[in-house]
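With JSON, C-alpha atoms inside, this is data20.json:
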```
[["chain", "number", "residue", "atom", "x", "y", "z"],
["A", 302, "MET", "CA", -28.15, 71.04, 11.15],
["A", 303, "ILE", "CA", -26.29, 67.79, 10.48],
["A", 304, "LEU", "CA", -26.95, 64.12, 11.13],
["A", 305, "HIS", "CA", -25.14, 62.23, 13.83],
["A", 306, "ALA", "CA", -22.28, 60.27, 12.27],
["A", 307, "VAL", "CA", -19.08, 58.42, 13.08],
["A", 308, "PHE", "CA", -16.01, 58.85, 10.86],
["A", 309, "HIS", "CA", -13.20, 56.30, 10.44],
["A", 310, "GLU", "CA", -9.99, 57.39, 8.74],
["A", 311, "GLY", "CA", -8.70, 55.10, 6.01],
["A", 312, "ARG", "CA", -5.19, 53.86, 5.34],
["A", 313, "ASP", "CA", -5.30, 55.49, 1.90],
["A", 314, "ALA", "CA", -6.42, 59.12, 2.07],
["A", 315, "ASN", "CA", -6.62, 59.24, -1.73],
["A", 316, "LEU", "CA", -9.48, 56.77, -1.86],
["A", 317, "PRO", "CA", -13.06, 58.08, -1.84],
["A", 318, "CYS", "CA", -14.97, 57.86, 1.43],
["A", 319, "LEU", "CA", -17.49, 55.06, 1.85],
["A", 320, "VAL", "CA", -20.71, 56.59, 3.22],
["A", 321, "TRP", "CA", -22.93, 53.93, 4.75],
["A", 322, "VAL", "CA", -26.69, 54.59, 5.02],
["A", 323, "HIS", "CA", -28.84, 52.17, 7.05],
["A", 324, "GLY", "CA", -32.45, 51.13, 6.46],
["A", 325, "PHE", "CA", -35.67, 51.92, 8.29],
["A", 326, "LEU", "CA", -35.51, 50.82, 11.96],
["A", 327, "GLY", "CA", -31.71, 50.52, 11.85],
["A", 328, "ASN", "CA", -28.87, 52.86, 12.80],
["A", 329, "ARG", "CA", -25.22, 53.43, 11.97],
["A", 330, "LYS", "CA", -24.20, 50.33, 13.99],
["A", 331, "GLU", "CA", -25.94, 48.21, 11.35],
["A", 332, "TRP", "CA", -22.99, 48.97, 9.08],
["A", 333, "GLU", "CA", -20.16, 49.60, 11.55],
["A", 334, "THR", "CA", -19.68, 45.86, 11.98],
["A", 335, "PHE", "CA", -18.42, 45.85, 8.36],
["A", 336, "SER", "CA", -15.84, 48.61, 8.89],
["A", 337, "GLU", "CA", -12.90, 46.30, 9.65],
["A", 338, "HIS", "CA", -13.08, 44.87, 6.12],
["A", 339, "PHE", "CA", -12.79, 48.26, 4.42],
["A", 340, "THR", "CA", -9.99, 49.93, 6.37],
["A", 341, "ASP", "CA", -8.19, 51.12, 3.21],
["A", 342, "TRP", "CA", -11.05, 53.57, 2.65],
["A", 343, "PRO", "CA", -12.18, 56.49, 4.82],
["A", 344, "GLN", "CA", -15.68, 55.64, 6.09],
["A", 345, "LEU", "CA", -18.65, 57.58, 7.41],
["A", 346, "PHE", "CA", -21.51, 55.88, 9.24],
["A", 347, "ILE", "CA", -24.60, 58.03, 9.64],
["A", 348, "ASP", "CA", -27.82, 57.86, 11.64],
["A", 349, "LEU", "CA", -30.80, 58.88, 9.51],
["A", 350, "PRO", "CA", -33.41, 61.26, 10.97],
["A", 351, "GLY", "CA", -35.54, 59.55, 13.61],
["A", 352, "HIS", "CA", -32.93, 56.82, 14.16],
["A", 353, "GLY", "CA", -30.05, 56.20, 16.53],
["A", 354, "LYS", "CA", -28.50, 59.41, 17.83],
["A", 355, "SER", "CA", -30.38, 61.37, 15.15],
["A", 356, "ALA", "CA", -33.69, 60.34, 16.74],
["A", 357, "ASP", "CA", -34.51, 63.93, 17.65],
["A", 358, "ILE", "CA", -33.97, 65.17, 14.08],
["A", 359, "THR", "CA", -37.05, 65.33, 11.87],
["A", 360, "ALA", "CA", -37.40, 65.70, 8.11],
["A", 361, "GLU", "CA", -40.48, 66.48, 6.05],
["A", 362, "GLY", "CA", -39.45, 64.53, 2.99],
["A", 363, "PHE", "CA", -36.62, 63.31, 0.78],
["A", 364, "ALA", "CA", -35.41, 66.80, -0.14],
["A", 365, "GLN", "CA", -34.85, 67.65, 3.51],
["A", 366, "VAL", "CA", -33.16, 64.32, 4.25],
["A", 367, "ASP", "CA", -30.87, 64.96, 1.28],
["A", 368, "LYS", "CA", -30.01, 68.43, 2.57],
["A", 369, "LEU", "CA", -29.12, 66.95, 5.96],
["A", 370, "LEU", "CA", -26.96, 64.34, 4.23],
["A", 371, "ARG", "CA", -25.15, 67.01, 2.18],
["A", 372, "ASN", "CA", -24.58, 69.18, 5.25],
["A", 373, "THR", "CA", -23.17, 66.17, 7.09],
["A", 374, "LEU", "CA", -20.77, 65.33, 4.26],
["A", 375, "LEU", "CA", -19.54, 68.92, 4.14],
["A", 376, "SER", "CA", -19.08, 69.04, 7.91],
["A", 377, "TYR", "CA", -16.61, 66.15, 7.58],
["A", 378, "ASN", "CA", -15.02, 67.71, 4.47],
["A", 379, "ILE", "CA", -16.01, 64.67, 2.41],
["A", 380, "LEU", "CA", -15.72, 65.77, -1.22],
["A", 381, "SER", "CA", -15.27, 62.37, -2.90],
["A", 382, "TYR", "CA", -17.43, 59.43, -1.85],
["A", 383, "TRP", "CA", -19.41, 56.29, -2.60],
["A", 384, "LEU", "CA", -22.90, 55.91, -1.16],
["A", 385, "ILE", "CA", -23.83, 52.45, 0.17],
["A", 386, "GLY", "CA", -27.45, 52.15, 1.28],
["A", 387, "TYR", "CA", -29.84, 49.42, 2.34],
["A", 388, "SER", "CA", -33.64, 49.65, 1.86],
["A", 389, "LEU", "CA", -34.62, 53.17, 3.00],
["A", 390, "GLY", "CA", -30.93, 54.08, 3.01],
["A", 391, "GLY", "CA", -30.71, 52.96, -0.60],
["A", 392, "ARG", "CA", -33.71, 55.08, -1.51],
["A", 393, "VAL", "CA", -32.07, 58.10, 0.15],
["A", 394, "ALA", "CA", -28.86, 57.32, -1.76],
["A", 395, "MET", "CA", -30.69, 57.01, -5.10],
["A", 396, "TYR", "CA", -32.51, 60.29, -4.52],
["A", 397, "HIS", "CA", -29.17, 61.95, -3.74],
["A", 398, "ALA", "CA", -27.56, 60.55, -6.89],
["A", 399, "CYS", "CA", -30.38, 61.91, -9.05],
["A", 400, "GLN", "CA", -29.84, 65.51, -7.93],
["A", 401, "LEU", "CA", -27.65, 67.91, -9.88],
["A", 402, "GLU", "CA", -25.44, 68.86, -6.93],
["A", 403, "ASN", "CA", -23.58, 65.58, -6.55],
["A", 404, "SER", "CA", -20.23, 66.28, -8.22],
["A", 405, "GLY", "CA", -18.36, 64.45, -5.45],
["A", 406, "LEU", "CA", -20.30, 61.21, -5.82],
["A", 407, "CYS", "CA", -18.06, 58.49, -7.28],
["A", 408, "GLY", "CA", -20.51, 55.60, -7.29],
["A", 409, "LEU", "CA", -23.75, 54.20, -5.93],
["A", 410, "ILE", "CA", -24.38, 50.84, -4.29],
["A", 411, "VAL", "CA", -27.89, 50.01, -3.09],
["A", 412, "GLU", "CA", -29.29, 46.87, -1.52],
["A", 413, "GLY", "CA", -32.96, 45.91, -1.71],
["A", 414, "SER", "CA", -34.17, 49.43, -2.51],
["A", 415, "HIS", "CA", -37.05, 50.70, -4.62],
["A", 416, "PRO", "CA", -36.47, 53.49, -7.19],
["A", 417, "GLY", "CA", -40.06, 54.76, -6.92],
["A", 418, "LEU", "CA", -43.61, 53.89, -7.93],
["A", 419, "THR", "CA", -44.95, 55.01, -11.30],
["A", 420, "ASP", "CA", -48.65, 54.25, -10.83],
["A", 421, "GLU", "CA", -50.59, 56.91, -8.93],
["A", 422, "THR", "CA", -52.95, 54.36, -7.42],
["A", 423, "ALA", "CA", -50.03, 52.34, -6.12],
["A", 424, "ARG", "CA", -48.52, 55.51, -4.65],
["A", 425, "ARG", "CA", -51.74, 56.31, -2.79],
["A", 426, "GLU", "CA", -52.05, 52.76, -1.50],
["A", 427, "ARG", "CA", -48.45, 52.72, -0.23],
["A", 428, "LYS", "CA", -48.86, 56.09, 1.43],
["A", 429, "SER", "CA", -52.02, 54.88, 3.16],
["A", 430, "SER", "CA", -50.31, 51.67, 4.29],
["A", 431, "ASP", "CA", -47.35, 53.56, 5.73],
["A", 432, "GLN", "CA", -49.69, 55.94, 7.54],
["A", 433, "GLN", "CA", -51.40, 52.92, 9.14],
["A", 434, "TRP", "CA", -48.05, 51.53, 10.28],
["A", 435, "ALA", "CA", -47.10, 54.97, 11.61],
["A", 436, "GLN", "CA", -50.33, 55.16, 13.58],
["A", 437, "ARG", "CA", -49.62, 51.75, 15.08],
["A", 438, "LEU", "CA", -46.11, 52.89, 16.05],
["A", 439, "ARG", "CA", -47.61, 55.86, 17.83],
["A", 440, "THR", "CA", -50.29, 53.97, 19.73],
["A", 441, "GLN", "CA", -49.28, 50.32, 20.24],
["A", 442, "PRO", "CA", -46.41, 48.56, 22.06],
["A", 443, "LEU", "CA", -43.33, 48.74, 19.84],
["A", 444, "LYS", "CA", -42.46, 45.04, 20.14],
["A", 445, "GLU", "CA", -45.96, 44.09, 19.00],
["A", 446, "VAL", "CA", -45.71, 46.32, 15.93],
["A", 447, "LEU", "CA", -42.22, 45.08, 15.09],
["A", 448, "ASN", "CA", -43.35, 41.47, 15.32],
["A", 449, "ASP", "CA", -46.00, 42.15, 12.67],
["A", 450, "TRP", "CA", -43.56, 44.24, 10.62],
["A", 451, "TYR", "CA", -41.06, 41.41, 10.36],
["A", 452, "HIS", "CA", -43.78, 38.96, 9.38],
["A", 453, "GLN", "CA", -44.40, 40.86, 6.14],
["A", 454, "ALA", "CA", -43.80, 38.88, 2.96],
["A", 455, "VAL", "CA", -40.57, 40.70, 2.12],
["A", 456, "PHE", "CA", -39.00, 39.26, 5.30],
["A", 457, "GLN", "CA", -40.19, 35.68, 4.74],
["A", 458, "SER", "CA", -36.63, 34.36, 4.54],
["A", 459, "LEU", "CA", -36.02, 35.18, 8.22],
["A", 460, "ASN", "CA", -36.11, 32.29, 10.65],
["A", 461, "ASP", "CA", -37.58, 32.65, 14.14],
["A", 462, "GLN", "CA", -34.22, 33.35, 15.75],
["A", 463, "GLN", "CA", -33.27, 36.02, 13.23],
["A", 464, "ARG", "CA", -36.68, 37.65, 13.58],
["A", 465, "ALA", "CA", -36.47, 37.65, 17.38],
["A", 466, "SER", "CA", -32.98, 39.18, 17.24],
["A", 467, "LEU", "CA", -34.14, 41.99, 14.97],
["A", 468, "ILE", "CA", -37.15, 42.74, 17.14],
["A", 469, "ALA", "CA", -35.00, 42.89, 20.27],
["A", 470, "GLN", "CA", -32.56, 45.32, 18.65],
["A", 471, "ARG", "CA", -35.18, 47.51, 16.99],
["A", 472, "SER", "CA", -37.17, 47.79, 20.23],
["A", 473, "GLN", "CA", -34.54, 50.26, 21.45],
["A", 474, "ASN", "CA", -35.84, 52.84, 18.96],
["A", 475, "ASN", "CA", -38.12, 55.78, 19.68],
["A", 476, "ALA", "CA", -41.48, 54.77, 18.20],
["A", 477, "GLN", "CA", -42.70, 58.37, 17.75],
["A", 478, "SER", "CA", -39.57, 59.32, 15.81],
["A", 479, "LEU", "CA", -39.87, 56.22, 13.63],
["A", 480, "ALA", "CA", -43.49, 57.01, 12.82],
["A", 481, "ALA", "CA", -42.62, 60.53, 11.66],
["A", 482, "MET", "CA", -39.76, 59.29, 9.45],
["A", 483, "LEU", "CA", -41.88, 56.50, 7.97],
["A", 484, "GLU", "CA", -44.52, 58.98, 6.85],
["A", 485, "ALA", "CA", -41.99, 61.52, 5.59],
["A", 486, "THR", "CA", -40.09, 58.99, 3.47],
["A", 487, "SER", "CA", -42.96, 56.74, 2.43],
["A", 488, "LEU", "CA", -42.45, 55.16, -0.96],
["A", 489, "GLY", "CA", -45.74, 56.88, -1.80],
["A", 490, "ASN", "CA", -43.98, 60.23, -1.36],
["A", 491, "GLN", "CA", -40.79, 59.30, -3.17],
["A", 492, "PRO", "CA", -40.31, 60.58, -6.74],
["A", 493, "ASP", "CA", -40.05, 57.96, -9.46],
["A", 494, "LEU", "CA", -36.28, 57.91, -10.09],
["A", 495, "LYS", "CA", -36.08, 55.14, -12.69],
["A", 496, "ALA", "CA", -35.46, 57.27, -15.78],
["A", 497, "THR", "CA", -32.73, 59.33, -14.13],
["A", 498, "LEU", "CA", -31.06, 56.31, -12.55],
["A", 499, "LYS", "CA", -30.79, 54.60, -15.92],
["A", 500, "GLN", "CA", -28.74, 57.55, -17.18],
["A", 501, "LEU", "CA", -26.41, 58.02, -14.22],
["A", 502, "PRO", "CA", -22.88, 58.89, -15.44],
["A", 503, "LEU", "CA", -21.27, 56.89, -12.64],
["A", 504, "PRO", "CA", -21.04, 53.28, -11.41],
["A", 505, "PHE", "CA", -24.34, 51.96, -10.07],
["A", 506, "TYR", "CA", -24.55, 48.51, -8.51],
["A", 507, "TYR", "CA", -27.62, 46.78, -7.15],
["A", 508, "PHE", "CA", -27.33, 44.14, -4.42],
["A", 509, "CYS", "CA", -30.07, 41.79, -3.30],
["A", 510, "GLY", "CA", -30.47, 38.41, -1.72],
["A", 511, "GLU", "CA", -30.97, 35.52, -4.12],
["A", 512, "ARG", "CA", -34.23, 34.71, -2.30],
["A", 513, "ASP", "CA", -35.53, 38.27, -2.59],
["A", 514, "GLU", "CA", -37.68, 37.87, -5.72],
["A", 515, "LYS", "CA", -39.37, 41.26, -5.36],
["A", 516, "PHE", "CA", -36.14, 43.23, -5.49],
["A", 517, "ARG", "CA", -34.50, 41.02, -8.07],
["A", 518, "ALA", "CA", -37.36, 42.16, -10.30],
["A", 519, "VAL", "CA", -36.71, 45.77, -9.30],
["A", 520, "ALA", "CA", -33.09, 45.43, -10.45],
["A", 521, "THR", "CA", -34.30, 44.09, -13.79],
["A", 522, "SER", "CA", -36.65, 47.06, -14.17],
["A", 523, "LEU", "CA", -33.60, 49.31, -13.83],
["A", 524, "GLU", "CA", -31.84, 47.32, -16.55],
["A", 525, "LEU", "CA", -29.23, 46.21, -14.02],
["A", 526, "SER", "CA", -27.84, 42.75, -13.38],
["A", 527, "PRO", "CA", -28.14, 42.40, -9.61],
["A", 528, "GLN", "CA", -25.23, 41.33, -7.46],
["A", 529, "LEU", "CA", -26.88, 38.31, -5.86],
["A", 530, "ILE", "CA", -26.00, 37.45, -2.27],
["A", 531, "THR", "CA", -26.34, 33.71, -1.78],
["A", 532, "ALA", "CA", -28.43, 32.15, 1.00],
["A", 533, "ALA", "CA", -30.08, 35.48, 1.78],
["A", 534, "GLY", "CA", -33.39, 37.29, 1.48],
["A", 535, "HIS", "CA", -34.23, 40.99, 1.71],
["A", 536, "ASN", "CA", -31.74, 41.90, 4.46],
["A", 537, "ALA", "CA", -28.90, 40.27, 2.58],
["A", 538, "HIS", "CA", -25.96, 41.96, 4.33],
["A", 539, "ARG", "CA", -27.26, 40.75, 7.69],
["A", 540, "GLU", "CA", -28.22, 37.24, 6.56],
["A", 541, "ASN", "CA", -24.93, 36.54, 4.76],
["A", 542, "PRO", "CA", -22.36, 39.19, 5.76],
["A", 543, "ILE", "CA", -19.40, 37.20, 4.45],
["A", 544, "ALA", "CA", -20.79, 36.97, 0.91],
["A", 545, "PHE", "CA", -21.93, 40.58, 1.01],
["A", 546, "THR", "CA", -18.50, 41.81, 2.09],
["A", 547, "ALA", "CA", -16.66, 39.78, -0.56],
["A", 548, "CYS", "CA", -18.94, 41.06, -3.31],
["A", 549, "LEU", "CA", -18.62, 44.68, -2.20],
["A", 550, "LEU", "CA", -14.84, 44.51, -1.90],
["A", 551, "ASN", "CA", -14.60, 43.05, -5.37],
["A", 552, "LEU", "CA", -16.58, 45.92, -6.87],
["A", 553, "LEU", "CA", -14.80, 48.68, -4.97],
["A", 554, "ARG", "CA", -11.41, 47.36, -6.05],
["A", 555, "LYS", "CA", -12.31, 47.41, -9.74],
["A", 556, "PRO", "CA", -10.28, 49.84, -11.81],
["A", 557, "ILE", "CA", -12.30, 52.83, -13.03],
["A", 558, "GLU", "CA", -12.22, 51.66, -16.64],
["A", 559, "GLU", "CA", -13.96, 48.40, -15.70],
["A", 560, "THR", "CA", -16.95, 50.04, -14.01],
["A", 561, "PRO", "CA", -20.20, 50.39, -15.98]]
```
structure tokens encoding of this file:
Amino acid sequence: MILHAVFHEGRDANLPCLVWVHGFLGNRKEWETFSEHFTDWPQLFIDLPGHGKSADITAEGFAQVDKLLRNTLLSYNILSYWLIGYSLGGRVAMYHACQLENSGLCGLIVEGSHPGLTDETARRERKSSDQQWAQRLRTQPLKEVLNDWYHQAVFQSLNDQQRASLIAQRSQNNAQSLAAMLEATSLGNQPDLKATLKQLPLPFYYFCGERDEKFRAVATSLELSPQLITAAGHNAHRENPIAFTACLLNLLRKPIEETP
């Protein structure tokens, strides 16, 4: 089984493919709006399990999501690639990078993503919280749940118009599929990847909005200097797409010897 994806050929077939991985509640279209700025590179836009046209695909945890991702890459004969992931997509990308079978991975770019909890109590609390959200998704009107979701502290930089736009778009999702994916990929179920990430033998960049204090601290915990996106909070690529695009292009165009 593979994930639904859309492939764009690049002008330079020798460049690695850019594999874009969206966050929870999103889909491949979240990233496809950026494709016109990266036409030199081949690009693959995927729908994670429970999302978009992969809504009918389920996964029991990160290992299964990673297997689906690997199968999808192979189905498109993608043997050299960068992973670019936001939030949940970044967590999937970090998990992938920490596995042994990633010889084709050229670099990792994550935005506003957590590498994993170390404290067992915190893991239990997060798992419980995500189970409560999942139960709400299964039993309450989706727009009502989304309204509360986007009023969480991590989204405090959103204005009313931005929040309303997100809710309208995300309301097209299948709530049952979202609930299953939320439980399967809860941060409480994710392995703590910090130690392995600090030793990655490939370029690893961390993006976050300058107003996103929580994930700026996460970048520091990984001993990384975050690529700060100005005038943006947690969903930095959406809040300031111009700055995000410029920063990403700058990094991707760096010669190999300049990368960390």
Surrounding residues of Lys444 in chain A excluding itself and chain neighbours under 6 positions, 8 Å, only C-alpha atoms, as a count of residues only: 3
In Å and to one decimal, CA of Gln491 in chain A is distant from CA of Phe363 in chain A by 7.0 Å
Leaving out Ala356 in chain A and any residue of its chain fewer than 6 positions from it, which residues lie within 9 Å of it when counting all atoms listed in the file, given as a ChimeraX atom specification? /A:348-350,474-475,478-479
Give me the residues of range 405-512 of chain A that have any atom at most 10 Å from an atom of range 305-324 of chain A; for each, the nearest atom pair and the distance in Å, rounded to one decimal. Use all atoms listed in the file, sort by chain and number, and format it as a tab-separated table.
```
residue	atom	partner	partner_atom	distance
A:Gly405	CA	A:Pro317	CA	9.0
A:Leu406	CA	A:Pro317	CA	8.8
A:Cys407	CA	A:Pro317	CA	7.4
A:Gly408	CA	A:Pro317	CA	9.6
A:Leu409	CA	A:Val320	CA	9.9
A:Ile410	CA	A:Trp321	CA	9.7
A:Val411	CA	A:Val322	CA	9.4
A:Glu412	CA	A:Gly324	CA	9.6
A:Gly413	CA	A:Gly324	CA	9.7
A:Ser414	CA	A:Gly324	CA	9.3
```
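The point (-41.2, 62.0, -0.2) has these residues within 8 Å of it, counting only C-alpha atoms: Glu361, Gly362, Phe363, Ala364, Ala485, Thr486, Ser487, Leu488, Gly489, Asn490, Gln491 and Pro492 of chain A.
Closest approach to Leu459 in chain A from the set A:Asn541, A:Thr340, A:Gln436, A:Ser376 is made by A:Asn541, with distances taken over all atoms listed in the file.
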Tell me, in Å to one decimal, how far CA of Leu370 in chain A is from CA of Thr419 in chain A. 25.5 Å
Distance query 12 Å from (-24.2, 43.1, -0.5) using only C-alpha atoms, result as a short mmCIF file (atom, residue, chain, number, x, y, z; two decimals) with C-alpha atoms, in the frame of the given file:
```
data_model
loop_
_atom_site.label_atom_id
_atom_site.label_comp_id
_atom_site.auth_asym_id
_atom_site.auth_seq_id
_atom_site.Cartn_x
_atom_site.Cartn_y
_atom_site.Cartn_z
CA TRP A 332 -22.99 48.97 9.08
CA PHE A 335 -18.42 45.85 8.36
CA ILE A 385 -23.83 52.45 0.17
CA GLY A 386 -27.45 52.15 1.28
CA TYR A 387 -29.84 49.42 2.34
CA SER A 388 -33.64 49.65 1.86
CA GLY A 391 -30.71 52.96 -0.60
CA ILE A 410 -24.38 50.84 -4.29
CA VAL A 411 -27.89 50.01 -3.09
CA GLU A 412 -29.29 46.87 -1.52
CA GLY A 413 -32.96 45.91 -1.71
CA SER A 414 -34.17 49.43 -2.51
CA TYR A 506 -24.55 48.51 -8.51
CA TYR A 507 -27.62 46.78 -7.15
CA PHE A 508 -27.33 44.14 -4.42
CA CYS A 509 -30.07 41.79 -3.30
CA GLY A 510 -30.47 38.41 -1.72
CA GLU A 511 -30.97 35.52 -4.12
CA PRO A 527 -28.14 42.40 -9.61
CA GLN A 528 -25.23 41.33 -7.46
CA LEU A 529 -26.88 38.31 -5.86
CA ILE A 530 -26.00 37.45 -2.27
CA THR A 531 -26.34 33.71 -1.78
CA ALA A 532 -28.43 32.15 1.00
CA ALA A 533 -30.08 35.48 1.78
CA GLY A 534 -33.39 37.29 1.48
CA HIS A 535 -34.23 40.99 1.71
CA ASN A 536 -31.74 41.90 4.46
CA ALA A 537 -28.90 40.27 2.58
CA HIS A 538 -25.96 41.96 4.33
CA ARG A 539 -27.26 40.75 7.69
CA GLU A 540 -28.22 37.24 6.56
CA ASN A 541 -24.93 36.54 4.76
CA PRO A 542 -22.36 39.19 5.76
CA ILE A 543 -19.40 37.20 4.45
CA ALA A 544 -20.79 36.97 0.91
CA PHE A 545 -21.93 40.58 1.01
CA THR A 546 -18.50 41.81 2.09
CA ALA A 547 -16.66 39.78 -0.56
CA CYS A 548 -18.94 41.06 -3.31
CA LEU A 549 -18.62 44.68 -2.20
CA LEU A 550 -14.84 44.51 -1.90
CA ASN A 551 -14.60 43.05 -5.37
CA LEU A 552 -16.58 45.92 -6.87
CA LEU A 553 -14.80 48.68 -4.97
#
```
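Nearest residue to His397 in chain A among A:Ser336, A:Arg427, A:Thr497, A:Lys515 is A:Thr497, counting only C-alpha atoms.
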Please measure the separation of CA of Gln432 in chain A and CA of Gln453 in chain A, giving the value in Å to one decimal. 16.0 Å
Compile the contact shell of Trp450 in chain A as a ChimeraX atom specification: residues with an atom at most 12 Å away, counting all atoms listed in the file, same-chain residues fewer than 3 positions apart removed. /A:325-326,430-431,433-435,437-438,443-447,453-457,464-465,467-468,471
So that I can check the surroundings of Ala496 in chain A, please list as a PyMOL selection string every protein, DNA and RNA residue that reaches within 12 Å of it, counting all atoms listed in the file and ignoring chain neighbours fewer than 6 positions away. chain A and resi 395+399+416-419+522-524
Check the smallest atom-to-atom distance from each of A:Glu331, A:Asp449, A:Glu337, A:Asp367 to Ile303 in chain A using only C-alpha atoms, then report the winner. A:Asp367
Given the choices A:Arg554, A:Arg425, A:Arg392, A:Arg517, which gets closest to Leu494 in chain A if the distance is worked out from only C-alpha atoms? A:Arg392
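Counting only C-alpha atoms and comparing A:Gln470, A:His415, A:Phe339, A:Ala423, the residue that lies closest to Gly353 in chain A is A:Gln470.
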